[in-house]
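Written out below as structure tokens is the structure these notes cover.
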Amino acid sequence: MKAVHLQIPADADYIDLVRNCLLGVATKLGFSFEDIEDMKVAVSEACSNAVLHGAEREQAGDGVIDVAFESDANSLAIRVVNYGIPFAHSDARKAASGIQGNHPSELRVGGLGIYLMEALMDEVQMNSDEQRTEVRLMKYRG
């Protein structure tokens, strides 16, 4: 399959378009319902982070998020790119953990999205520089 590219405004209202595109691509590639649902959650987290962090640099309403779906015989890679300020992904990854605590007041803010992406996908890579942040999510078939 050829790569599929999608560009959306950096606005949470458009994340559904990414999920719908993912559904079509992953279905065409023969992924299971369970894998597709996992990928939809992970890509939603990546896009939500892109909206949140991308808005810090972009002027209101001007930012975009680029999404690419690339496949080979064994996998689907999803790239989510925003053009906001650099994101300290290594610090966030160290802090990422599952839900801890017995009461909502004991819960930490942040890190759960990275934890979810890593739990639901086979590989998660994050790269950031002065111009952009890219999250690459990989899911293997079978």
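Within each chain, counting starts at residue 1; across the structure tokens, chains are named A, B, ... in the order shown, with ligands numbered 1 upward in that order.
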Tell me, as a PyMOL selection string, which residues lie within 12 Å of Asp38 in chain A, counting only C-alpha atoms; anything in the same chain fewer than 5 positions away does not count.
chain A and resi 19+22-23+26+31-33+43-45+116-122+137-139
Mind checking which residues fall within 9 Å of Ser75 in chain A, counting only C-alpha atoms, ignoring those fewer than 3 positions away in the same chain, and posting them as a PyMOL selection string?
chain A and resi 70-72+138-141
Include all heavy atoms and write out the residues we just selected as a short mmCIF file (atom, residue, chain, number, x, y, z; two decimals), in the first residue's frame.
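The resulting result-v5.cif:
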```cif
data_model
loop_
_atom_site.label_atom_id
_atom_site.label_comp_id
_atom_site.auth_asym_id
_atom_site.auth_seq_id
_atom_site.Cartn_x
_atom_site.Cartn_y
_atom_site.Cartn_z
N GLU A 70 1.98 4.64 6.89
CA GLU A 70 2.89 3.95 5.98
C GLU A 70 2.93 2.48 6.35
O GLU A 70 3.10 2.14 7.52
CB GLU A 70 4.29 4.57 6.08
CG GLU A 70 4.30 6.05 5.75
CD GLU A 70 5.55 6.76 6.22
OE1 GLU A 70 6.25 6.24 7.11
OE2 GLU A 70 5.82 7.86 5.71
N SER A 71 2.78 1.62 5.36
CA SER A 71 2.75 0.19 5.66
C SER A 71 3.75 -0.57 4.81
O SER A 71 4.19 -0.11 3.76
CB SER A 71 1.34 -0.37 5.42
OG SER A 71 1.03 -0.31 4.04
N ASP A 72 4.09 -1.75 5.32
CA ASP A 72 4.84 -2.71 4.54
C ASP A 72 4.16 -4.06 4.75
O ASP A 72 3.05 -4.12 5.28
CB ASP A 72 6.33 -2.72 4.90
CG ASP A 72 6.60 -3.10 6.35
OD1 ASP A 72 5.75 -3.77 6.99
OD2 ASP A 72 7.68 -2.74 6.86
N MET A 138 4.14 2.27 15.82
CA MET A 138 4.26 1.09 14.97
C MET A 138 3.42 -0.05 15.52
O MET A 138 3.49 -0.34 16.72
CB MET A 138 5.72 0.66 14.88
CG MET A 138 5.97 -0.57 14.07
SD MET A 138 5.89 -0.26 12.30
CE MET A 138 7.45 0.56 12.06
N LYS A 139 2.66 -0.70 14.62
CA LYS A 139 1.90 -1.88 15.01
C LYS A 139 2.20 -2.97 13.99
O LYS A 139 2.11 -2.75 12.78
CB LYS A 139 0.40 -1.57 15.02
CG LYS A 139 -0.48 -2.71 15.47
CD LYS A 139 -0.19 -3.11 16.90
CE LYS A 139 -1.33 -2.82 17.83
NZ LYS A 139 -1.07 -3.29 19.18
N TYR A 140 2.60 -4.14 14.49
CA TYR A 140 2.91 -5.28 13.62
C TYR A 140 1.66 -6.12 13.42
O TYR A 140 0.83 -6.24 14.32
CB TYR A 140 4.03 -6.12 14.21
CG TYR A 140 5.33 -5.38 14.27
CD1 TYR A 140 5.82 -4.88 15.47
CD2 TYR A 140 6.07 -5.14 13.11
CE1 TYR A 140 7.01 -4.18 15.52
CE2 TYR A 140 7.27 -4.43 13.15
CZ TYR A 140 7.72 -3.96 14.36
OH TYR A 140 8.89 -3.25 14.40
N ARG A 141 1.54 -6.72 12.26
CA ARG A 141 0.40 -7.60 11.98
C ARG A 141 0.59 -8.91 12.70
O ARG A 141 1.68 -9.44 12.81
CB ARG A 141 0.30 -7.87 10.49
CG ARG A 141 -0.10 -6.65 9.75
CD ARG A 141 -0.40 -6.96 8.33
NE ARG A 141 -0.25 -5.69 7.63
CZ ARG A 141 -0.17 -5.58 6.34
NH1 ARG A 141 -0.20 -6.63 5.58
NH2 ARG A 141 -0.04 -4.40 5.79
#
```
Distance query Gly54 in chain A at most 8 Å, only C-alpha atoms, self and fewer than 4 positions along chain excluded, as a list in words
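That gives Ala10, Asn49, Ala50, Glu58, Gly63, Asn82, Tyr83, Gly84 and Ile85 of chain A.
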Judged by only C-alpha atoms, the minimum distance to Leu17 in chain A among A:Leu29, A:Glu130, A:His5, A:Asp35 is found for A:His5
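Using only C-alpha atoms for every distance, the candidate list A:Val80, A:Ala12, A:Val4, A:Val124 yields A:Val80 as the residue closest to Ile65 in chain A.
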Hey, which of A:Leu76, A:Ala3, A:Val25, A:Val81 ends up closest to Ala46 in chain A? Count only C-alpha atoms.
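Answer, going by the shortest atom-to-atom distance: A:Val81.
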Determine which residues of range 25-84 of chain A receive a DSSP assignment of strand (DSSP E or B), computed from the backbone, and state them as a compact mmCIF listing (two decimals) with all heavy atoms, in the first residue's frame.
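Written output follows (result-v4.txt):
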```txt
# COMPACT_ATOMS: atom_id res chain seq x y z
N VAL A 64 -0.91 23.35 12.26
CA VAL A 64 -1.37 22.13 11.59
C VAL A 64 -0.67 20.93 12.21
O VAL A 64 0.38 21.05 12.85
CB VAL A 64 -1.10 22.16 10.06
CG1 VAL A 64 -1.89 23.26 9.38
CG2 VAL A 64 0.38 22.27 9.76
N ILE A 65 -1.27 19.80 12.00
CA ILE A 65 -0.68 18.51 12.38
C ILE A 65 -0.62 17.67 11.11
O ILE A 65 -1.63 17.55 10.40
CB ILE A 65 -1.52 17.80 13.45
CG1 ILE A 65 -1.57 18.64 14.72
CG2 ILE A 65 -0.97 16.40 13.73
CD1 ILE A 65 -2.59 18.15 15.74
N ASP A 66 0.54 17.13 10.82
CA ASP A 66 0.71 16.23 9.68
C ASP A 66 0.70 14.80 10.19
O ASP A 66 1.40 14.46 11.15
CB ASP A 66 2.02 16.52 8.96
CG ASP A 66 1.98 17.83 8.20
OD1 ASP A 66 0.96 18.08 7.53
OD2 ASP A 66 2.96 18.60 8.28
N VAL A 67 -0.09 13.96 9.52
CA VAL A 67 -0.19 12.55 9.88
C VAL A 67 0.09 11.73 8.63
O VAL A 67 -0.41 12.04 7.55
CB VAL A 67 -1.60 12.21 10.43
CG1 VAL A 67 -1.68 10.75 10.85
CG2 VAL A 67 -1.97 13.14 11.59
N ALA A 68 0.90 10.69 8.79
CA ALA A 68 1.19 9.79 7.67
C ALA A 68 0.98 8.36 8.13
O ALA A 68 1.36 7.99 9.24
CB ALA A 68 2.62 9.99 7.18
N PHE A 69 0.36 7.57 7.27
CA PHE A 69 0.16 6.14 7.49
C PHE A 69 1.00 5.42 6.44
O PHE A 69 0.76 5.58 5.24
CB PHE A 69 -1.31 5.77 7.33
CG PHE A 69 -2.24 6.53 8.23
CD1 PHE A 69 -2.83 7.70 7.81
CD2 PHE A 69 -2.51 6.07 9.52
CE1 PHE A 69 -3.69 8.40 8.65
CE2 PHE A 69 -3.36 6.76 10.36
CZ PHE A 69 -3.96 7.94 9.92
N GLU A 70 1.98 4.64 6.89
CA GLU A 70 2.89 3.95 5.98
C GLU A 70 2.93 2.48 6.35
O GLU A 70 3.10 2.14 7.52
CB GLU A 70 4.29 4.57 6.08
CG GLU A 70 4.30 6.05 5.75
CD GLU A 70 5.55 6.76 6.22
OE1 GLU A 70 6.25 6.24 7.11
OE2 GLU A 70 5.82 7.86 5.71
N SER A 71 2.78 1.62 5.36
CA SER A 71 2.75 0.19 5.66
C SER A 71 3.75 -0.57 4.81
O SER A 71 4.19 -0.11 3.76
CB SER A 71 1.34 -0.37 5.42
OG SER A 71 1.03 -0.31 4.04
N SER A 75 3.74 -4.47 8.84
CA SER A 75 3.42 -3.46 9.86
C SER A 75 2.75 -2.22 9.28
O SER A 75 2.75 -2.00 8.07
CB SER A 75 4.70 -3.03 10.58
OG SER A 75 5.57 -2.40 9.67
N LEU A 76 2.21 -1.42 10.20
CA LEU A 76 1.69 -0.10 9.89
C LEU A 76 2.39 0.89 10.80
O LEU A 76 2.41 0.71 12.02
CB LEU A 76 0.18 -0.04 10.11
CG LEU A 76 -0.48 1.34 9.96
CD1 LEU A 76 -0.30 1.87 8.53
CD2 LEU A 76 -1.96 1.27 10.32
N ALA A 77 2.99 1.91 10.20
CA ALA A 77 3.62 2.99 10.96
C ALA A 77 2.75 4.24 10.81
O ALA A 77 2.30 4.56 9.71
CB ALA A 77 5.03 3.27 10.46
N ILE A 78 2.52 4.92 11.91
CA ILE A 78 1.74 6.15 11.92
C ILE A 78 2.64 7.25 12.46
O ILE A 78 3.15 7.14 13.56
CB ILE A 78 0.49 6.02 12.81
CG1 ILE A 78 -0.32 4.78 12.41
CG2 ILE A 78 -0.35 7.29 12.75
CD1 ILE A 78 -1.24 4.27 13.51
N ARG A 79 2.84 8.29 11.67
CA ARG A 79 3.66 9.43 12.11
C ARG A 79 2.75 10.63 12.36
O ARG A 79 1.93 10.96 11.51
CB ARG A 79 4.70 9.80 11.04
CG ARG A 79 5.84 8.82 10.95
CD ARG A 79 6.93 9.27 9.99
NE ARG A 79 6.43 9.40 8.63
CZ ARG A 79 6.33 10.55 7.96
NH1 ARG A 79 6.72 11.68 8.51
NH2 ARG A 79 5.87 10.58 6.74
N VAL A 80 2.91 11.23 13.52
CA VAL A 80 2.14 12.43 13.89
C VAL A 80 3.16 13.53 14.16
O VAL A 80 4.02 13.39 15.03
CB VAL A 80 1.27 12.17 15.13
CG1 VAL A 80 0.53 13.44 15.54
CG2 VAL A 80 0.29 11.01 14.89
N VAL A 81 3.07 14.62 13.40
CA VAL A 81 4.05 15.70 13.50
C VAL A 81 3.35 17.01 13.81
O VAL A 81 2.36 17.37 13.15
CB VAL A 81 4.85 15.85 12.18
CG1 VAL A 81 5.87 16.98 12.28
CG2 VAL A 81 5.54 14.54 11.81
N ASN A 82 3.87 17.72 14.83
CA ASN A 82 3.40 19.08 15.09
C ASN A 82 4.61 20.01 15.04
O ASN A 82 5.75 19.56 15.12
CB ASN A 82 2.65 19.18 16.43
CG ASN A 82 3.56 19.20 17.63
OD1 ASN A 82 4.24 20.20 17.90
ND2 ASN A 82 3.60 18.11 18.37
```
Between A:Val18, A:Ala73, A:Met1, A:Met126, which has the minimum distance to Cys47 in chain A (counting only C-alpha atoms)?
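Closest to Cys47 in chain A, using only C-alpha atoms: A:Val18.
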How many Å lie between CA of Cys21 in chain A and CA of Val41 in chain A, rounded to one decimal?
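The value is 13.3 Å.
Considering only C-alpha atoms, the residue among A:Tyr14, A:Leu112, A:Pro9, A:Glu123 positioned nearest to Met39 in chain A is A:Glu123.
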Have a look at A:His53, A:Leu6, A:Glu37, A:Asn20 and name the one nearest to Thr133 in chain A; count only C-alpha atoms.
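Closest residue, counting only C-alpha atoms: A:His53.
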